[in-house]
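Before any comments, here is the structure.
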Amino acid sequence: MDNIASYENWKNCFSEIGPGLLLFARQWTRSAADAEDIVQEAFVKFWRRNHQISNRALLYATVRSIALDFIRRDKRRARREATVFAEADPTIEPQFEWEDEAQSALAAAVSCLPHDQREVLVLKIWNELTFSEIAGALGISQNTAASRYRYALAHLKKSLQPQ
Amino acid sequence: MNDFSELENDLKALRPARPSPVLFERIEEAMTEDRKVSAASNSRWTWRRFTEWSRSRASDIEGRLGRAKEGRPLTPFRLGIGLAAAAAAVALLIARINTDQTRNEDTEIAQDSPSSQTKPILPSFSGRSGVDESMSSNKFVPSGATQVVYNTRNEGLQFADGSKQPLRRLRYQTQQTWQWRNASTGASLRVSYPSEEVVLIPVSGQ
């Protein structure tokens with residue numbers, strides 16, 4: 001398997017994983033610009049250290065680590081984000097490109113998920129990580145990752161049912 | 001099939017927004033700068049890569065330092081550091097020997113028995129005339145060094161005096177650790193201190 005450093009056209013590699021990485025980074029930021037800063041730093045750091053691109057758990061763990069550092073840099077931001085995460089404020093929305101109202105409602109429902117469930121869902125659905133890789137990236141057990149995923153789906157299903 | 005397969009398919013159909021084209025350019029620029037830094041200061045960059053490598057792979061600092069000593073070629077930079085470290089170690093050793101010698105002499109005056117509770121650091125040392133001899137056999141030799149970069153800050157572009165080319169100012173905050181070991185006694189000496197380094201990298205307008 002190629003690693004990023006030896007990948008001749010790294011743009012192809014980034015085109016594949018970039019949207020998912022960006023969506024994952026958006027879990028900790030309010031703006032796409034901040035998320036792009038995090039992804040850039042993580043990707044370059046990963047490339048600089050010659051890590052294998054197949055080690056996706058490490059790549060996403062790097063994004064998460066840099067995102068948390070990013071939050072800590074600004075104490076006011078950290079307080080604000082902590083409050084937001086605790087209350088699962090729906091204003092932090094993952095960015096999606098929806099085509100109809102049904103997709104728009106689905107995107108809104110995803111943004112209303114508790115943070116720990118949304119984190120697992122983003123890694124599983126849009127980054128196609130296995131539960132083992134998710135567990136490695138988030139520092140949780142595989143069973144916890146799987147149960148959070150199931151809770152997230154159940155939560156979504158319930159919220160999308162007609163009242 | 002599970003109860004959520006339809007929902008999973010709907011979720012997969014929802015496409016995350018693509019990164020802006022600017023992000024591609026920014027990453028490419030960062031990678032290019034990284035290569036330039038590597039070429040401009042090869043020894044320093046090699047040193048950083050070495051510390052990162054050792055930090056990521058070794059859980060035990062002793063083993064890490066030992067591997068670094070065995071596995072790395074001796075460059076003029078490291079030779080200079082090694083000589084400086086050896087000189088510092090010798091100076092500390094002489095200071096310690098003098099202190100112990102004074103203590104031993106005091107003990108001999110106060111007690112009948114020459115045995116003292118404060119044993120000298122070098123067992124073979126037996127008198128003032130033996131200093132050179134003991135140092136030649138029992139000396140501290142550099143056994144390793146690490147430089148851990150724990151923070152890197154990009155302080156933006158600036159123009160140096162008289163220069164038309166912009167320079168990017170990077171600030172590295174590091175923790176440096178030097179270690180010496182006496183193979184005869186097994187004693188080791190470790191000095192650790194924080195340091196800060198500012199690097200100016202020319203930015204080309206390509």
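We name chains A, B, ... following the order of the structure tokens; residues begin at 1 in each chain, and ligands are numbered from 1 as shown.
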
Exercise. Residues of chain B within 9 Å of chain A, using only C-alpha atoms, as a PyMOL selection string?
Worked result: chain B and resi 4+7-8+10-20+23-24+26-28+30-31+34+49+52-53

Using only C-alpha atoms, please write the residues we just selected to a file, as a PDB file, in the first residue's frame.
ATOM      1  CA  PHE B   4     -31.171   0.284   9.475  1.00  0.00           C
ATOM      2  CA  LEU B   7     -31.325   4.504   6.541  1.00  0.00           C
ATOM      3  CA  GLU B   8     -27.650   3.668   5.989  1.00  0.00           C
ATOM      4  CA  ASP B  10     -29.867   7.247   2.594  1.00  0.00           C
ATOM      5  CA  LEU B  11     -26.973   8.480   4.687  1.00  0.00           C
ATOM      6  CA  LYS B  12     -24.423   7.243   2.150  1.00  0.00           C
ATOM      7  CA  ALA B  13     -26.315   9.099  -0.567  1.00  0.00           C
ATOM      8  CA  LEU B  14     -25.801  12.299   1.372  1.00  0.00           C
ATOM      9  CA  ARG B  15     -22.525  13.710   0.090  1.00  0.00           C
ATOM     10  CA  PRO B  16     -20.231  15.728   2.331  1.00  0.00           C
ATOM     11  CA  ALA B  17     -19.098  19.062   0.917  1.00  0.00           C
ATOM     12  CA  ARG B  18     -15.871  18.928  -1.015  1.00  0.00           C
ATOM     13  CA  PRO B  19     -12.843  20.831   0.253  1.00  0.00           C
ATOM     14  CA  SER B  20     -12.239  24.165  -1.393  1.00  0.00           C
ATOM     15  CA  LEU B  23      -7.085  23.822   0.456  1.00  0.00           C
ATOM     16  CA  PHE B  24      -5.317  21.773  -2.218  1.00  0.00           C
ATOM     17  CA  ARG B  26      -2.381  25.324   0.696  1.00  0.00           C
ATOM     18  CA  ILE B  27      -1.413  21.713   1.314  1.00  0.00           C
ATOM     19  CA  GLU B  28       0.786  21.692  -1.755  1.00  0.00           C
ATOM     20  CA  ALA B  30       2.992  23.446   2.892  1.00  0.00           C
ATOM     21  CA  MET B  31       4.563  20.318   1.422  1.00  0.00           C
ATOM     22  CA  ASP B  34       8.566  21.409   4.048  1.00  0.00           C
ATOM     23  CA  ARG B  49      13.108  13.732  11.989  1.00  0.00           C
ATOM     24  CA  GLU B  52      10.275  12.422  15.981  1.00  0.00           C
ATOM     25  CA  TRP B  53      11.200   8.967  14.862  1.00  0.00           C
TER      26      TRP B  53
END

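Restricting the calculation to only C-alpha atoms, the smallest distance between Glu133 of chain A and any of A:Ala105, A:Leu59, A:Ala152, A:Ala67 is found for A:Leu59.
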
For this session: Write out as a PyMOL selection string all residues of chain A that backbone DSSP assigns to helix (DSSP H, G or I).
Result: chain A and resi 10-28+32-48+56-73+75-87+101-111+115-126+131-138+142-160

For this session: Please run DSSP on the backbone and report, as a list in words, all residues within segment 3-157 of chain A that come out as strand (DSSP E or B).
Result: Asn3, Gln52, Phe96 and Glu97 of chain A

Could you write those residues out with C-alpha atoms, as a PDB file, in the first residue's frame?
ATOM      1  CA  ASN A   3       1.955   5.998   1.711  1.00  0.00           C
ATOM      2  CA  GLN A  52       1.099   4.714   5.537  1.00  0.00           C
ATOM      3  CA  PHE A  96     -23.417  18.243   3.207  1.00  0.00           C
ATOM      4  CA  GLU A  97     -24.454  18.773  -0.357  1.00  0.00           C
TER       5      GLU A  97
END

Exercise. Counting only C-alpha atoms, what is within 10 Å of Ala85 of chain B, bar same-chain residues fewer than 2 positions away, as a ChimeraX atom specification?
Worked result: /B:79-83,87-91,140-143,178-180

For this session: Find, counting only C-alpha atoms, the residue in A:Leu68, A:Ala57, A:Phe46, A:Arg148 that gets nearest to Leu113 of chain A.
Result: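 Among A:Leu68, A:Ala57, A:Phe46, A:Arg148, it is A:Arg148 that comes nearest to Leu113 of chain A.
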
Exercise. Quick one, how far is atom CA of Pro166 of chain B from atom CA of Ile201 of chain B?
Worked result: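 One can read the atom CA of Pro166 of chain B to atom CA of Ile201 of chain B distance as 8.5 Å.
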
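Taking atom CA of Thr29 of chain A and atom CA of Ala109 of chain A as endpoints, the distance between them is 18.0 Å.
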
Problem set entry | Test item: residues at most 12 Å from Ile134 of chain A, only C-alpha atoms, excluding those fewer than 4 positions along its chain, as a ChimeraX atom specification | /A:24,55-61,64,116-117,119-125,127-130,138-149
